[in-house]
Amino acid sequence: MSNLESYPPVFRQLYGAPQISELKNYSMEDTTQDSVSIPLVDPIPQVDLQCLSLDKLGEACKDWGLFRLDNHGIPPSLLSKLQDQAKMLFSLSFESKQALLTSPMSYFWGTPALTPSGAALRGALNINWLEGLNVPLSQLPQFQSEDPMLDYFRHLLEEYGRHLARIATTLFEAMVKNLNLAPNQSESKLSESTGFIRVYRYPPGSMADEAWGMMAHTDSSVLSIVNQDQVGGLEIFKDNKWLLVNPIPNTLVVHIGDMMQAISDDEYISVKHRVRVNKEEERFSICYFVFPAEGSVVHSSKYKPFTYTDFQEQVQKDTQTLGYKVGLQKFKRT
């Protein structure tokens, strides 16, 4: 791990330690690195946004809860600039990032669980080997900085956010058509104003056999769209085994989230996934999440009616009291 001062102090202390009992004390899950399947032929379904096949899209959402997106219309130069700027930003000292990354952005580390304001949810009884930047896109124009690097990064994020809103809306409308949803099931179930971006850095570590960059979970969103670098480490759980989602340049990875699973009456699955720590290289990913409109009620034959706010509050309560997210199971009809 180079540039140690750029990492949170607890990561500096734990890096290179002969054992990580301190880290394990925080975990509610078994951190044993169970085996992961690396197939010779990439099995992840691919969807072409320019020639969108409803059949392929539906199969991917039902069978996998995830797919690669090709021909998405985002310039490769924008994707590479975002990755480069993210690396420059996270290379700043820990103290500098805390000072520079102010509202409406927020800097966090050790957990992906955040409050609605973007603060780390410290009640979580685990620690993840990551640090991140939370960016609510609707509030991004309010962010003012005299730092030219941050100002340039803001402009890149705004441009990227517009592309992701377009992509998410196109995909969601196709999913609604596929599912033949009634108006009360689809109306206001995806709102561009709820979109936010999280930029993650996963430090390398000699403890990679025992720690997770991000522990196994499902996303709470309608859709999540991931732009990962070439280091890799994203894994999904399918057919009772973990599969590595290899990075492919200029493609995005789209996840079905919990809200989409509920909206679809469990026809589409919210995919369980995790991130593995790399021993030698740090990993970066830029993730977009989008949700139902505020106050919009999710109606489903499988679940009691609820809003995303209801769901978010329950997830935060469970995370603080149990140490992990229970999710949709709490809203199942009995």
# chains A, B, ... in the order shown; residues from 1 in each chain; ligands from 1
>>> select_by_dssp(residues="range 199-279 of chain A", states="strand (DSSP E)", output="ChimeraX atom specification")
/A:199-202,212-217,223-228,234-238,241-244,252-256,273-276
>>> residues_around(residues="range 305-309 of chain A", least_positions_apart="6", cutoff="12 Å", atoms="only C-alpha atoms", output="PyMOL selection string")
chain A and resi 115-116+184-185+188-191+194+220-222+257-260+262-263+265+290-299+315-316+327-328+330-333
>>> write_last_selection(atoms="C-alpha atoms", output="CSV table (one decimal), in the first residue's frame")
chain,number,residue,atom,x,y,z
A,115,THR,CA,-27.6,8.0,6.5
A,116,PRO,CA,-29.9,10.0,4.1
A,184,ASN,CA,-50.1,1.9,-10.2
A,185,GLN,CA,-47.1,-0.4,-10.3
A,188,SER,CA,-43.2,7.3,-10.4
A,189,LYS,CA,-41.2,4.2,-9.6
A,190,LEU,CA,-38.0,5.6,-11.0
A,191,SER,CA,-37.2,9.3,-10.5
A,194,THR,CA,-33.2,10.6,-6.6
A,220,SER,CA,-31.7,-1.1,-2.2
A,221,SER,CA,-32.2,0.8,-5.5
A,222,VAL,CA,-34.4,0.3,-8.5
A,257,GLY,CA,-32.0,-3.6,-6.9
A,258,ASP,CA,-34.5,-4.4,-4.2
A,259,MET,CA,-37.0,-1.8,-5.3
A,260,MET,CA,-37.1,-3.4,-8.8
A,262,ALA,CA,-40.6,-5.7,-5.4
A,263,ILE,CA,-42.0,-3.7,-8.3
A,265,ASP,CA,-43.5,-9.1,-8.0
A,290,VAL,CA,-31.6,5.5,-8.7
A,291,PHE,CA,-34.8,5.1,-6.6
A,292,PRO,CA,-38.6,5.6,-6.7
A,293,ALA,CA,-39.9,9.1,-6.4
A,294,GLU,CA,-40.3,10.4,-2.8
A,295,GLY,CA,-43.6,9.3,-1.4
A,296,SER,CA,-44.3,6.9,-4.3
A,297,VAL,CA,-45.9,3.7,-2.9
A,298,VAL,CA,-44.6,0.3,-4.1
A,299,HIS,CA,-47.6,-2.0,-4.7
A,315,VAL,CA,-32.7,-0.9,6.6
A,316,GLN,CA,-31.0,1.7,8.8
A,327,GLY,CA,-34.1,-5.9,3.3
A,328,LEU,CA,-37.3,-7.0,1.5
A,330,LYS,CA,-39.2,-7.4,6.5
A,331,PHE,CA,-41.9,-6.3,4.0
A,332,LYS,CA,-43.2,-9.7,2.9
A,333,ARG,CA,-46.9,-10.4,3.1
>>> residues_around(residues="Pro104 in chain A", least_positions_apart="3", cutoff="9 Å", atoms="only C-alpha atoms", output="ChimeraX atom specification")
/A:101,117-118,134-136,139-140,142-143
>>> select_by_dssp(residues="range 79-219 of chain A", states="alpha helix (DSSP H)", output="PyMOL selection string")
chain A and resi 79-90+94-100+148-179+183-186
>>> write_last_selection(atoms="C-alpha atoms", output="mmCIF file, in the first residue's frame")
data_model
loop_
_atom_site.group_PDB
_atom_site.id
_atom_site.type_symbol
_atom_site.label_atom_id
_atom_site.label_comp_id
_atom_site.auth_asym_id
_atom_site.auth_seq_id
_atom_site.Cartn_x
_atom_site.Cartn_y
_atom_site.Cartn_z
ATOM 1 C CA LEU A 79 -15.181 7.207 -18.477
ATOM 2 C CA SER A 80 -11.380 7.389 -18.463
ATOM 3 C CA LYS A 81 -11.344 11.011 -17.249
ATOM 4 C CA LEU A 82 -13.632 10.098 -14.357
ATOM 5 C CA GLN A 83 -11.377 7.216 -13.331
ATOM 6 C CA ASP A 84 -8.265 9.415 -13.581
ATOM 7 C CA GLN A 85 -9.822 12.214 -11.525
ATOM 8 C CA ALA A 86 -11.068 9.759 -8.910
ATOM 9 C CA LYS A 87 -7.537 8.395 -8.495
ATOM 10 C CA MET A 88 -6.120 11.895 -8.110
ATOM 11 C CA LEU A 89 -8.776 12.853 -5.580
ATOM 12 C CA PHE A 90 -8.354 9.776 -3.410
ATOM 13 C CA PHE A 94 -7.040 11.574 4.558
ATOM 14 C CA GLU A 95 -7.230 14.909 6.349
ATOM 15 C CA SER A 96 -7.400 16.866 3.072
ATOM 16 C CA LYS A 97 -10.300 14.769 1.808
ATOM 17 C CA GLN A 98 -12.209 15.326 5.031
ATOM 18 C CA ALA A 99 -11.711 19.085 4.673
ATOM 19 C CA LEU A 100 -12.362 19.407 0.928
ATOM 20 C CA PRO A 148 -9.643 23.439 -9.649
ATOM 21 C CA MET A 149 -9.381 19.638 -9.426
ATOM 22 C CA LEU A 150 -12.638 19.394 -7.472
ATOM 23 C CA ASP A 151 -14.400 21.848 -9.754
ATOM 24 C CA TYR A 152 -13.370 19.844 -12.826
ATOM 25 C CA PHE A 153 -14.466 16.609 -11.146
ATOM 26 C CA ARG A 154 -17.868 18.177 -10.408
ATOM 27 C CA HIS A 155 -18.345 19.020 -14.089
ATOM 28 C CA LEU A 156 -17.424 15.466 -15.096
ATOM 29 C CA LEU A 157 -19.868 14.014 -12.560
ATOM 30 C CA GLU A 158 -22.677 16.258 -13.820
ATOM 31 C CA GLU A 159 -22.095 15.133 -17.403
ATOM 32 C CA TYR A 160 -21.837 11.485 -16.332
ATOM 33 C CA GLY A 161 -25.024 11.806 -14.264
ATOM 34 C CA ARG A 162 -26.985 13.015 -17.289
ATOM 35 C CA HIS A 163 -25.873 9.968 -19.261
ATOM 36 C CA LEU A 164 -26.768 7.595 -16.426
ATOM 37 C CA ALA A 165 -30.222 9.132 -15.983
ATOM 38 C CA ARG A 166 -30.855 8.578 -19.697
ATOM 39 C CA ILE A 167 -29.665 4.974 -19.519
ATOM 40 C CA ALA A 168 -31.632 4.133 -16.354
ATOM 41 C CA THR A 169 -34.846 5.625 -17.743
ATOM 42 C CA THR A 170 -34.473 3.743 -21.038
ATOM 43 C CA LEU A 171 -33.862 0.433 -19.275
ATOM 44 C CA PHE A 172 -36.655 0.925 -16.746
ATOM 45 C CA GLU A 173 -39.204 1.766 -19.449
ATOM 46 C CA ALA A 174 -38.207 -1.414 -21.301
ATOM 47 C CA MET A 175 -38.553 -3.449 -18.091
ATOM 48 C CA VAL A 176 -42.024 -2.001 -17.433
ATOM 49 C CA LYS A 177 -43.038 -3.012 -20.958
ATOM 50 C CA ASN A 178 -41.620 -6.506 -20.450
ATOM 51 C CA LEU A 179 -43.449 -6.978 -17.163
ATOM 52 C CA PRO A 183 -50.102 1.933 -14.033
ATOM 53 C CA ASN A 184 -50.136 1.900 -10.209
ATOM 54 C CA GLN A 185 -47.113 -0.429 -10.251
ATOM 55 C CA SER A 186 -44.961 1.604 -12.620
#
>>> closest_residue(among="A:Glu5, A:Glu267, A:Glu280, A:Asp63", to="Leu181 in chain A", atoms="only C-alpha atoms")
A:Glu267
>>> atom_distance(atom1="CA of Asp48 in chain A", atom2="CA of Lys241 in chain A")
26.7 Å
>>> atom_distance(atom1="CA of Arg283 in chain A", atom2="CA of Gly132 in chain A")
11.6 Å
>>> atom_distance(atom1="CA of Asp266 in chain A", atom2="CA of Gly233 in chain A")
27.3 Å
>>> residues_around(residues="Val199 in chain A", least_positions_apart="2", cutoff="7 Å", atoms="only C-alpha atoms", output="PyMOL selection string")
chain A and resi 132-134+197+201+285-287
>>> write_last_selection(atoms="all heavy atoms", output="compact mmCIF listing (two decimals), in the first residue's frame")
# COMPACT_ATOMS: atom_id res chain seq x y z
N GLY A 132 -15.02 6.12 0.29
CA GLY A 132 -15.88 6.53 -0.81
C GLY A 132 -16.29 7.98 -0.74
O GLY A 132 -16.08 8.68 0.26
N LEU A 133 -16.89 8.40 -1.85
CA LEU A 133 -17.43 9.75 -2.00
C LEU A 133 -18.88 9.61 -2.43
O LEU A 133 -19.17 8.95 -3.43
CB LEU A 133 -16.62 10.51 -3.05
CG LEU A 133 -17.15 11.90 -3.48
CD1 LEU A 133 -17.14 12.86 -2.30
CD2 LEU A 133 -16.30 12.44 -4.62
N ASN A 134 -19.79 10.22 -1.66
CA ASN A 134 -21.21 10.18 -1.97
C ASN A 134 -21.62 11.49 -2.64
O ASN A 134 -21.33 12.58 -2.12
CB ASN A 134 -22.01 9.98 -0.68
CG ASN A 134 -23.49 9.81 -0.94
OD1 ASN A 134 -23.92 8.83 -1.54
ND2 ASN A 134 -24.29 10.77 -0.50
N ILE A 197 -24.38 9.28 -7.15
CA ILE A 197 -23.18 8.54 -7.54
C ILE A 197 -22.33 8.30 -6.30
O ILE A 197 -22.21 9.17 -5.44
CB ILE A 197 -22.37 9.33 -8.59
CG1 ILE A 197 -23.10 9.34 -9.94
CG2 ILE A 197 -20.97 8.75 -8.76
CD1 ILE A 197 -22.46 10.22 -10.99
N ARG A 201 -13.01 3.64 -3.51
CA ARG A 201 -11.63 3.15 -3.63
C ARG A 201 -11.46 2.00 -2.64
O ARG A 201 -11.78 2.13 -1.46
CB ARG A 201 -10.62 4.24 -3.32
CG ARG A 201 -9.17 3.68 -3.32
CD ARG A 201 -8.10 4.75 -3.30
NE ARG A 201 -7.88 5.32 -1.99
CZ ARG A 201 -6.72 5.92 -1.62
NH1 ARG A 201 -5.72 6.02 -2.49
NH2 ARG A 201 -6.59 6.45 -0.43
N SER A 285 -14.24 2.04 -8.43
CA SER A 285 -15.49 1.88 -9.17
C SER A 285 -16.35 3.12 -8.96
O SER A 285 -16.27 3.78 -7.91
CB SER A 285 -16.25 0.62 -8.73
OG SER A 285 -16.72 0.75 -7.41
N ILE A 286 -17.13 3.44 -9.98
CA ILE A 286 -18.02 4.60 -9.95
C ILE A 286 -19.43 4.07 -10.18
O ILE A 286 -19.74 3.54 -11.25
CB ILE A 286 -17.62 5.63 -11.02
CG1 ILE A 286 -16.18 6.09 -10.79
CG2 ILE A 286 -18.57 6.83 -10.99
CD1 ILE A 286 -15.62 6.97 -11.89
N CYS A 287 -20.27 4.20 -9.17
CA CYS A 287 -21.58 3.54 -9.17
C CYS A 287 -22.71 4.56 -9.12
O CYS A 287 -22.65 5.53 -8.36
CB CYS A 287 -21.70 2.60 -7.97
SG CYS A 287 -20.34 1.41 -7.85
>>> closest_residue(among="A:Gly110, A:Val10, A:Lys62, A:Gln144", to="Lys238 in chain A", atoms="only C-alpha atoms")
A:Lys62
>>> residues_around(residues="Ser224 in chain A", least_positions_apart="4", cutoff="6 Å", atoms="only C-alpha atoms", output="ChimeraX atom specification")
/A:254-255,288-289
>>> write_last_selection(atoms="N, CA, C and O atoms", output="short mmCIF file (atom, residue, chain, number, x, y, z; two decimals), in the first residue's frame")
data_model
loop_
_atom_site.label_atom_id
_atom_site.label_comp_id
_atom_site.auth_asym_id
_atom_site.auth_seq_id
_atom_site.Cartn_x
_atom_site.Cartn_y
_atom_site.Cartn_z
N VAL A 254 -24.98 -3.53 -14.93
CA VAL A 254 -26.25 -3.07 -14.38
C VAL A 254 -26.79 -4.11 -13.41
O VAL A 254 -26.90 -5.29 -13.76
N HIS A 255 -27.11 -3.67 -12.19
CA HIS A 255 -27.68 -4.53 -11.16
C HIS A 255 -29.16 -4.22 -10.99
O HIS A 255 -29.55 -3.05 -10.93
N TYR A 288 -23.74 4.30 -9.89
CA TYR A 288 -24.93 5.15 -9.95
C TYR A 288 -26.11 4.37 -9.40
O TYR A 288 -26.31 3.20 -9.75
N PHE A 289 -26.89 5.01 -8.53
CA PHE A 289 -28.06 4.37 -7.93
C PHE A 289 -29.27 5.29 -8.15
O PHE A 289 -29.16 6.51 -8.00
#
>>> residues_around(residues="Asp239 in chain A", least_positions_apart="2", cutoff="12 Å", atoms="only C-alpha atoms", output="number ranges by chain")
A: 37, 63-64, 236-237, 241-243, 271-272
